[in-house]
$ cat structure.cif   # mmCIF, N, CA and C atoms
data_target
#
loop_
_atom_site.label_atom_id
_atom_site.label_comp_id
_atom_site.auth_asym_id
_atom_site.auth_seq_id
_atom_site.Cartn_x
_atom_site.Cartn_y
_atom_site.Cartn_z
N LEU A 1 41.92 -7.48 -46.44
CA LEU A 1 41.50 -6.79 -45.23
C LEU A 1 41.32 -7.79 -44.09
N SER A 2 40.80 -8.97 -44.39
CA SER A 2 40.60 -9.95 -43.31
C SER A 2 41.93 -10.41 -42.72
N VAL A 3 42.97 -10.50 -43.54
CA VAL A 3 44.28 -10.87 -43.04
C VAL A 3 44.83 -9.77 -42.13
N ARG A 4 44.63 -8.51 -42.52
CA ARG A 4 45.12 -7.40 -41.70
C ARG A 4 44.37 -7.33 -40.37
N ARG A 5 43.09 -7.69 -40.36
CA ARG A 5 42.33 -7.66 -39.11
C ARG A 5 42.85 -8.70 -38.11
N GLN A 6 43.51 -9.73 -38.62
CA GLN A 6 44.08 -10.75 -37.75
C GLN A 6 45.50 -10.40 -37.30
N ARG A 7 45.99 -9.25 -37.74
CA ARG A 7 47.34 -8.81 -37.38
C ARG A 7 47.45 -8.67 -35.87
N ARG A 8 48.49 -9.24 -35.32
CA ARG A 8 48.75 -9.16 -33.88
C ARG A 8 50.02 -8.35 -33.66
N LEU A 9 49.89 -7.24 -32.99
CA LEU A 9 51.06 -6.41 -32.71
C LEU A 9 51.81 -6.97 -31.51
N PRO A 10 53.12 -6.77 -31.45
CA PRO A 10 53.88 -7.18 -30.26
C PRO A 10 53.33 -6.47 -29.03
N ALA A 11 53.52 -7.07 -27.87
CA ALA A 11 52.97 -6.52 -26.62
C ALA A 11 53.34 -5.06 -26.42
N GLY A 12 54.56 -4.67 -26.77
CA GLY A 12 55.00 -3.30 -26.57
C GLY A 12 54.30 -2.29 -27.46
N LEU A 13 53.67 -2.73 -28.54
CA LEU A 13 53.00 -1.81 -29.46
C LEU A 13 51.48 -1.85 -29.35
N GLN A 14 50.92 -2.74 -28.54
CA GLN A 14 49.48 -2.90 -28.50
C GLN A 14 48.73 -1.67 -28.01
N GLY A 15 49.31 -0.90 -27.10
CA GLY A 15 48.63 0.29 -26.61
C GLY A 15 49.00 1.55 -27.36
N CYS A 16 49.85 1.43 -28.37
CA CYS A 16 50.33 2.60 -29.10
C CYS A 16 49.33 3.05 -30.16
N ARG A 17 49.46 4.29 -30.52
CA ARG A 17 48.65 4.84 -31.60
C ARG A 17 49.53 5.02 -32.82
N PHE A 18 48.92 5.05 -33.98
CA PHE A 18 49.64 5.22 -35.24
C PHE A 18 49.01 6.38 -36.00
N VAL A 19 49.85 7.23 -36.57
CA VAL A 19 49.40 8.42 -37.29
C VAL A 19 49.28 8.10 -38.78
N HIS A 20 48.20 8.59 -39.40
CA HIS A 20 48.02 8.45 -40.85
C HIS A 20 49.09 9.24 -41.59
N LEU A 21 49.61 8.69 -42.66
CA LEU A 21 50.53 9.42 -43.52
C LEU A 21 49.85 10.68 -44.04
N GLY A 22 48.59 10.59 -44.35
CA GLY A 22 47.84 11.75 -44.84
C GLY A 22 47.81 12.89 -43.83
N TYR A 23 47.76 12.56 -42.55
CA TYR A 23 47.75 13.60 -41.53
C TYR A 23 49.11 14.30 -41.47
N LEU A 24 50.19 13.54 -41.61
CA LEU A 24 51.52 14.15 -41.65
C LEU A 24 51.65 15.09 -42.85
N ARG A 25 51.14 14.66 -43.99
CA ARG A 25 51.18 15.52 -45.18
C ARG A 25 50.33 16.78 -44.97
N LYS A 26 49.20 16.62 -44.32
CA LYS A 26 48.33 17.77 -44.04
C LYS A 26 49.05 18.76 -43.12
N LEU A 27 49.74 18.26 -42.10
CA LEU A 27 50.50 19.14 -41.21
C LEU A 27 51.47 20.00 -42.01
N ALA A 28 52.20 19.37 -42.91
CA ALA A 28 53.21 20.09 -43.69
C ALA A 28 52.59 21.13 -44.61
N THR A 29 51.46 20.81 -45.22
CA THR A 29 50.86 21.75 -46.17
C THR A 29 50.06 22.87 -45.51
N THR A 30 49.60 22.65 -44.30
CA THR A 30 48.79 23.67 -43.63
C THR A 30 49.59 24.47 -42.59
N GLY A 31 50.88 24.22 -42.51
CA GLY A 31 51.70 24.95 -41.56
C GLY A 31 51.66 24.38 -40.15
N GLY A 32 51.13 23.17 -40.00
CA GLY A 32 51.10 22.51 -38.70
C GLY A 32 52.48 22.01 -38.32
N ARG A 33 52.60 21.56 -37.10
CA ARG A 33 53.88 21.06 -36.60
C ARG A 33 53.68 19.74 -35.89
N ILE A 34 54.75 18.99 -35.76
CA ILE A 34 54.73 17.77 -34.96
C ILE A 34 54.38 18.17 -33.54
N CYS A 35 53.43 17.47 -32.94
CA CYS A 35 53.07 17.78 -31.55
C CYS A 35 52.83 16.49 -30.77
N ARG A 36 52.66 16.66 -29.46
CA ARG A 36 52.50 15.51 -28.57
C ARG A 36 51.25 14.72 -28.91
N CYS A 37 51.28 13.45 -28.60
CA CYS A 37 50.15 12.54 -28.80
C CYS A 37 48.86 13.12 -28.21
N GLN A 38 48.95 13.67 -26.99
CA GLN A 38 47.78 14.19 -26.29
C GLN A 38 47.17 15.39 -27.01
N ASP A 39 47.95 16.09 -27.84
CA ASP A 39 47.48 17.30 -28.49
C ASP A 39 46.96 17.05 -29.90
N LEU A 40 47.02 15.82 -30.38
CA LEU A 40 46.55 15.51 -31.73
C LEU A 40 45.06 15.21 -31.73
N PRO A 41 44.37 15.59 -32.81
CA PRO A 41 42.94 15.28 -32.91
C PRO A 41 42.74 13.79 -33.20
N PRO A 42 41.59 13.25 -32.85
CA PRO A 42 41.34 11.81 -33.08
C PRO A 42 41.51 11.39 -34.54
N GLU A 43 41.20 12.28 -35.48
CA GLU A 43 41.31 11.90 -36.90
C GLU A 43 42.76 11.75 -37.37
N ALA A 44 43.72 12.11 -36.54
CA ALA A 44 45.14 11.93 -36.90
C ALA A 44 45.54 10.46 -36.85
N PHE A 45 44.80 9.67 -36.09
CA PHE A 45 45.19 8.29 -35.84
C PHE A 45 44.39 7.30 -36.67
N GLY A 46 45.03 6.17 -36.97
CA GLY A 46 44.37 5.12 -37.72
C GLY A 46 44.41 3.79 -36.99
N ASP A 47 43.68 2.85 -37.52
CA ASP A 47 43.58 1.51 -36.94
C ASP A 47 44.63 0.60 -37.58
N PRO A 48 45.59 0.12 -36.81
CA PRO A 48 46.63 -0.73 -37.40
C PRO A 48 46.10 -2.05 -37.94
N HIS A 49 44.90 -2.43 -37.57
CA HIS A 49 44.32 -3.66 -38.09
C HIS A 49 43.67 -3.48 -39.45
N LYS A 50 43.56 -2.24 -39.90
CA LYS A 50 42.98 -1.97 -41.21
C LYS A 50 44.01 -1.49 -42.22
N ALA A 51 45.13 -0.96 -41.75
CA ALA A 51 46.13 -0.36 -42.63
C ALA A 51 46.89 -1.41 -43.42
N TRP A 52 47.31 -1.03 -44.59
CA TRP A 52 48.10 -1.91 -45.44
C TRP A 52 49.55 -1.94 -44.96
N TYR A 53 50.09 -0.78 -44.60
CA TYR A 53 51.48 -0.67 -44.14
C TYR A 53 51.54 -0.05 -42.75
N LEU A 54 52.38 -0.63 -41.89
CA LEU A 54 52.70 -0.06 -40.58
C LEU A 54 54.19 0.24 -40.58
N LEU A 55 54.54 1.49 -40.34
CA LEU A 55 55.94 1.90 -40.34
C LEU A 55 56.30 2.41 -38.96
N ILE A 56 57.47 2.04 -38.50
CA ILE A 56 57.96 2.53 -37.22
C ILE A 56 59.23 3.32 -37.50
N ILE A 57 59.19 4.59 -37.11
CA ILE A 57 60.30 5.49 -37.39
C ILE A 57 61.03 5.80 -36.10
N SER A 58 62.32 5.61 -36.14
CA SER A 58 63.17 5.93 -35.01
C SER A 58 64.07 7.09 -35.42
N HIS A 59 64.15 8.09 -34.59
CA HIS A 59 64.96 9.26 -34.91
C HIS A 59 65.38 9.97 -33.63
N ARG A 60 66.35 10.81 -33.77
CA ARG A 60 66.82 11.61 -32.64
C ARG A 60 65.94 12.85 -32.52
N TRP A 61 65.49 13.15 -31.32
CA TRP A 61 64.71 14.36 -31.10
C TRP A 61 65.64 15.56 -31.17
N ILE A 62 65.22 16.59 -31.86
CA ILE A 62 66.02 17.79 -31.97
C ILE A 62 65.80 18.69 -30.76
N ASP A 63 64.59 18.65 -30.22
CA ASP A 63 64.25 19.45 -29.04
C ASP A 63 63.48 18.56 -28.07
N ARG A 64 63.80 18.66 -26.79
CA ARG A 64 63.17 17.78 -25.79
C ARG A 64 61.66 18.01 -25.67
N GLN A 65 61.22 19.23 -25.80
CA GLN A 65 59.80 19.54 -25.60
C GLN A 65 58.97 19.47 -26.87
N THR A 66 59.59 19.62 -28.03
CA THR A 66 58.82 19.64 -29.27
C THR A 66 59.24 18.57 -30.27
N CYS A 67 60.40 17.95 -30.06
CA CYS A 67 60.92 16.91 -30.94
C CYS A 67 61.42 17.45 -32.27
N ASP A 68 61.06 18.66 -32.63
CA ASP A 68 61.40 19.23 -33.93
C ASP A 68 61.71 20.72 -33.75
N VAL A 69 62.36 21.31 -34.72
CA VAL A 69 62.60 22.76 -34.70
C VAL A 69 62.27 23.34 -36.07
N CYS A 70 61.76 24.55 -36.05
CA CYS A 70 61.45 25.27 -37.28
C CYS A 70 62.55 26.29 -37.55
N SER A 71 62.73 26.62 -38.81
CA SER A 71 63.69 27.64 -39.21
C SER A 71 63.18 28.26 -40.49
N GLU A 72 63.91 29.24 -41.01
CA GLU A 72 63.51 29.84 -42.29
C GLU A 72 63.52 28.79 -43.39
N ALA A 73 64.52 27.93 -43.37
CA ALA A 73 64.63 26.89 -44.39
C ALA A 73 63.58 25.79 -44.22
N TYR A 74 63.15 25.56 -42.97
CA TYR A 74 62.18 24.50 -42.67
C TYR A 74 61.05 25.07 -41.81
N PRO A 75 60.15 25.86 -42.39
CA PRO A 75 59.09 26.48 -41.57
C PRO A 75 58.14 25.47 -40.94
N GLU A 76 57.97 24.30 -41.55
CA GLU A 76 57.10 23.28 -40.99
C GLU A 76 57.82 22.40 -39.98
N GLY A 77 59.14 22.56 -39.90
CA GLY A 77 59.96 21.76 -38.99
C GLY A 77 60.91 20.88 -39.79
N PHE A 78 62.14 20.84 -39.34
CA PHE A 78 63.16 20.04 -40.02
C PHE A 78 62.79 18.57 -40.03
N ARG A 79 62.39 18.03 -38.88
CA ARG A 79 62.08 16.61 -38.77
C ARG A 79 60.87 16.24 -39.63
N LEU A 80 59.83 17.07 -39.60
CA LEU A 80 58.63 16.77 -40.38
C LEU A 80 58.96 16.73 -41.87
N ARG A 81 59.70 17.72 -42.35
CA ARG A 81 60.00 17.74 -43.78
C ARG A 81 60.88 16.56 -44.20
N THR A 82 61.92 16.29 -43.45
CA THR A 82 62.82 15.21 -43.85
C THR A 82 62.13 13.85 -43.74
N MET A 83 61.27 13.69 -42.75
CA MET A 83 60.53 12.44 -42.61
C MET A 83 59.58 12.26 -43.80
N LEU A 84 58.88 13.31 -44.20
CA LEU A 84 57.97 13.22 -45.34
C LEU A 84 58.73 12.99 -46.65
N GLN A 85 59.90 13.56 -46.78
CA GLN A 85 60.69 13.31 -47.99
C GLN A 85 61.02 11.82 -48.11
N LYS A 86 61.41 11.21 -47.00
CA LYS A 86 61.72 9.77 -47.02
C LYS A 86 60.47 8.94 -47.30
N LEU A 87 59.35 9.29 -46.67
CA LEU A 87 58.11 8.54 -46.88
C LEU A 87 57.59 8.71 -48.30
N ASP A 88 57.68 9.94 -48.83
CA ASP A 88 57.20 10.18 -50.19
C ASP A 88 58.04 9.47 -51.25
N ALA A 89 59.28 9.16 -50.91
CA ALA A 89 60.11 8.41 -51.85
C ALA A 89 59.56 7.00 -52.06
N HIS A 90 58.73 6.53 -51.12
CA HIS A 90 58.15 5.19 -51.23
C HIS A 90 56.65 5.20 -51.47
N PHE A 91 55.95 6.17 -50.89
CA PHE A 91 54.49 6.17 -50.92
C PHE A 91 53.92 7.40 -51.63
N SER A 92 54.38 7.61 -52.84
CA SER A 92 53.84 8.68 -53.69
C SER A 92 54.24 8.35 -55.13
N PRO A 93 53.72 9.09 -56.09
CA PRO A 93 54.14 8.84 -57.48
C PRO A 93 55.65 8.96 -57.71
N LEU A 94 56.35 9.65 -56.81
CA LEU A 94 57.81 9.73 -56.91
C LEU A 94 58.45 8.35 -56.82
N ALA A 95 57.76 7.43 -56.18
CA ALA A 95 58.29 6.07 -56.03
C ALA A 95 58.42 5.36 -57.37
N LEU A 96 57.67 5.80 -58.37
CA LEU A 96 57.74 5.15 -59.68
C LEU A 96 59.08 5.39 -60.37
N ARG A 97 59.84 6.33 -59.90
CA ARG A 97 61.15 6.63 -60.50
C ARG A 97 62.22 5.64 -60.08
N ARG A 98 61.98 4.88 -59.03
CA ARG A 98 63.03 3.99 -58.54
C ARG A 98 62.86 2.59 -59.13
N GLY A 99 63.91 1.87 -59.09
CA GLY A 99 63.87 0.47 -59.54
C GLY A 99 64.12 0.34 -61.03
N GLY A 100 64.93 -0.62 -61.37
CA GLY A 100 65.22 -0.85 -62.77
C GLY A 100 64.60 -2.13 -63.28
N ARG A 101 64.64 -3.18 -62.46
CA ARG A 101 64.09 -4.46 -62.90
C ARG A 101 62.57 -4.43 -62.77
N LEU A 102 61.93 -5.33 -63.47
CA LEU A 102 60.47 -5.38 -63.50
C LEU A 102 59.89 -5.57 -62.10
N ALA A 103 60.45 -6.46 -61.30
CA ALA A 103 59.93 -6.71 -59.95
C ALA A 103 60.05 -5.46 -59.08
N GLU A 104 61.16 -4.73 -59.21
CA GLU A 104 61.33 -3.49 -58.44
C GLU A 104 60.33 -2.43 -58.86
N ARG A 105 60.09 -2.33 -60.15
CA ARG A 105 59.13 -1.33 -60.66
C ARG A 105 57.70 -1.70 -60.24
N PHE A 106 57.40 -2.99 -60.21
CA PHE A 106 56.07 -3.43 -59.77
C PHE A 106 55.88 -3.09 -58.29
N ARG A 107 56.87 -3.35 -57.46
CA ARG A 107 56.81 -3.00 -56.04
C ARG A 107 56.63 -1.49 -55.86
N ALA A 108 57.35 -0.72 -56.65
CA ALA A 108 57.24 0.74 -56.59
C ALA A 108 55.83 1.18 -56.98
N LEU A 109 55.26 0.55 -57.99
CA LEU A 109 53.90 0.88 -58.41
C LEU A 109 52.90 0.58 -57.29
N CYS A 110 53.06 -0.56 -56.64
CA CYS A 110 52.14 -0.95 -55.56
C CYS A 110 52.18 0.04 -54.40
N THR A 111 53.36 0.51 -54.02
CA THR A 111 53.44 1.45 -52.89
C THR A 111 53.04 2.85 -53.32
N ALA A 112 53.26 3.20 -54.59
CA ALA A 112 52.94 4.55 -55.06
C ALA A 112 51.44 4.83 -55.07
N VAL A 113 50.63 3.80 -55.25
CA VAL A 113 49.19 4.00 -55.37
C VAL A 113 48.43 3.74 -54.07
N VAL A 114 49.15 3.47 -52.99
CA VAL A 114 48.51 3.23 -51.70
C VAL A 114 47.95 4.54 -51.17
N GLY A 115 46.75 4.51 -50.64
CA GLY A 115 46.13 5.71 -50.08
C GLY A 115 46.76 6.11 -48.76
N ASP A 116 46.61 7.38 -48.43
CA ASP A 116 47.18 7.91 -47.19
C ASP A 116 46.67 7.19 -45.95
N ALA A 117 45.44 6.71 -45.96
CA ALA A 117 44.88 6.03 -44.80
C ALA A 117 45.43 4.61 -44.65
N ASP A 118 46.01 4.07 -45.71
CA ASP A 118 46.56 2.72 -45.65
C ASP A 118 48.01 2.67 -45.20
N VAL A 119 48.59 3.82 -44.91
CA VAL A 119 49.96 3.89 -44.41
C VAL A 119 49.89 4.55 -43.04
N LEU A 120 50.21 3.78 -42.01
CA LEU A 120 50.23 4.31 -40.65
C LEU A 120 51.67 4.35 -40.16
N VAL A 121 51.99 5.42 -39.46
CA VAL A 121 53.36 5.67 -39.03
C VAL A 121 53.41 5.78 -37.51
N PHE A 122 54.34 5.07 -36.91
CA PHE A 122 54.59 5.22 -35.48
C PHE A 122 55.80 6.12 -35.32
N VAL A 123 55.57 7.31 -34.79
CA VAL A 123 56.62 8.25 -34.42
C VAL A 123 56.43 8.47 -32.93
N ASP A 124 57.38 8.07 -32.12
CA ASP A 124 57.18 8.03 -30.67
C ASP A 124 56.60 9.31 -30.09
N PHE A 125 57.07 10.47 -30.49
CA PHE A 125 56.60 11.73 -29.92
C PHE A 125 55.11 11.95 -30.20
N MET A 126 54.65 11.49 -31.35
CA MET A 126 53.26 11.69 -31.75
C MET A 126 52.35 10.53 -31.35
N CYS A 127 52.92 9.40 -31.02
CA CYS A 127 52.11 8.20 -30.80
C CYS A 127 52.10 7.69 -29.36
N LEU A 128 52.93 8.24 -28.51
CA LEU A 128 52.96 7.89 -27.09
C LEU A 128 52.81 9.17 -26.28
N PRO A 129 52.13 9.12 -25.14
CA PRO A 129 52.00 10.32 -24.31
C PRO A 129 53.38 10.88 -23.93
N GLN A 130 53.50 12.21 -24.01
CA GLN A 130 54.76 12.88 -23.72
C GLN A 130 54.57 13.98 -22.69
N GLU A 131 55.65 14.32 -21.99
CA GLU A 131 55.63 15.49 -21.13
C GLU A 131 55.51 16.73 -22.02
N GLY A 132 55.01 17.79 -21.45
CA GLY A 132 54.91 19.03 -22.20
C GLY A 132 55.08 20.21 -21.28
N LEU A 133 54.89 21.40 -21.83
CA LEU A 133 54.96 22.62 -21.04
C LEU A 133 53.63 23.33 -21.13
N ASP A 134 53.16 23.86 -20.00
CA ASP A 134 51.94 24.66 -20.04
C ASP A 134 52.30 26.09 -20.45
N GLU A 135 51.30 26.95 -20.52
CA GLU A 135 51.54 28.32 -20.99
C GLU A 135 52.45 29.13 -20.06
N TYR A 136 52.66 28.66 -18.83
CA TYR A 136 53.52 29.36 -17.88
C TYR A 136 54.91 28.73 -17.79
N GLY A 137 55.18 27.72 -18.60
CA GLY A 137 56.48 27.06 -18.59
C GLY A 137 56.60 25.90 -17.62
N GLY A 138 55.51 25.56 -16.94
CA GLY A 138 55.53 24.42 -16.03
C GLY A 138 55.42 23.11 -16.79
N VAL A 139 55.99 22.07 -16.24
CA VAL A 139 55.98 20.76 -16.89
C VAL A 139 54.60 20.11 -16.73
N VAL A 140 54.07 19.64 -17.84
CA VAL A 140 52.82 18.88 -17.84
C VAL A 140 53.22 17.41 -17.93
N PRO A 141 52.79 16.58 -16.97
CA PRO A 141 53.21 15.17 -16.96
C PRO A 141 52.64 14.37 -18.13
N ARG A 142 53.26 13.23 -18.36
CA ARG A 142 52.75 12.33 -19.41
C ARG A 142 51.43 11.75 -18.98
N SER A 143 50.45 11.87 -19.81
CA SER A 143 49.17 11.21 -19.58
C SER A 143 48.44 11.23 -20.91
N ILE A 144 47.47 10.40 -21.06
CA ILE A 144 46.73 10.31 -22.32
C ILE A 144 45.79 11.50 -22.50
N GLU A 145 45.46 12.21 -21.42
CA GLU A 145 44.57 13.37 -21.52
C GLU A 145 45.30 14.55 -22.11
#
$ encode --input "structure.cif" --output "structure tokens"
Amino acid sequence: LSVRRQRRLPAGLQGCRFVHLGYLRKLATTGGRICRCQDLPPEAFGDPHKAWYLLIISHRWIDRQTCDVCSEAYPEGFRLRTMLQKLDAHFSPLALRRGGRLAERFRALCTAVVGDADVLVFVDFMCLPQEGLDEYGGVVPRSIE
């Protein structure tokens, strides 16, 4: 923990927020959706100086205003589900299925038992202020509020 507290983020990431993996999983199980940084509750975010893993995800936005789209096949959102599938392949008991050599299996074991609070994810739409739409369809500017 003391080594992580000394972690220095690059200048471009110092003002950014990071979402807990557990919060992403909660969104998927409770029917929540990916939403703008300004619309997330404080408990969605974690401290990068305490987390074991910091992940930065780059992806194409499917929709300019929501970043994701829902369908019958993906009621929680296509992007949310596919992102969680990739993350769960590394940070869940499913990770124990990968790797053949002893070192690979040990690495898989270490990531499989990491708690949700120890994995923080940077997804630009959720971690940086974004434009949005108000209830009348007007554009809401980017701001932290």
$ resolve_selection --input "structure.cif" --expression "the PyMOL selection byres ((chain A and resi 34-37) around 5)" --output "MDAnalysis selection string"
chainID A and resid 32:33 38:40 125:128
$ atom_distance --input "structure.cif" --atom1 "CA of Thr82 (chain A)" --atom2 "atom C of Leu27 (chain A)"
12.5 Å
$ atom_distance --input "structure.cif" --atom1 "atom N of Glu76 (chain A)" --atom2 "atom N of Tyr23 (chain A)"
15.6 Å
$ select_by_dssp --input "structure.cif" --residues "region 5-108 of chain A" --states "strand (DSSP E)" --output "number ranges by chain"
A: 18-20, 45-46, 53-57
$ residues_around --input "structure.cif" --residues "Trp52 (chain A)" --least-positions-apart "3" --cutoff "6 Å" --atoms "all atoms listed in the file" --output "ChimeraX atom specification"
/A:117-119
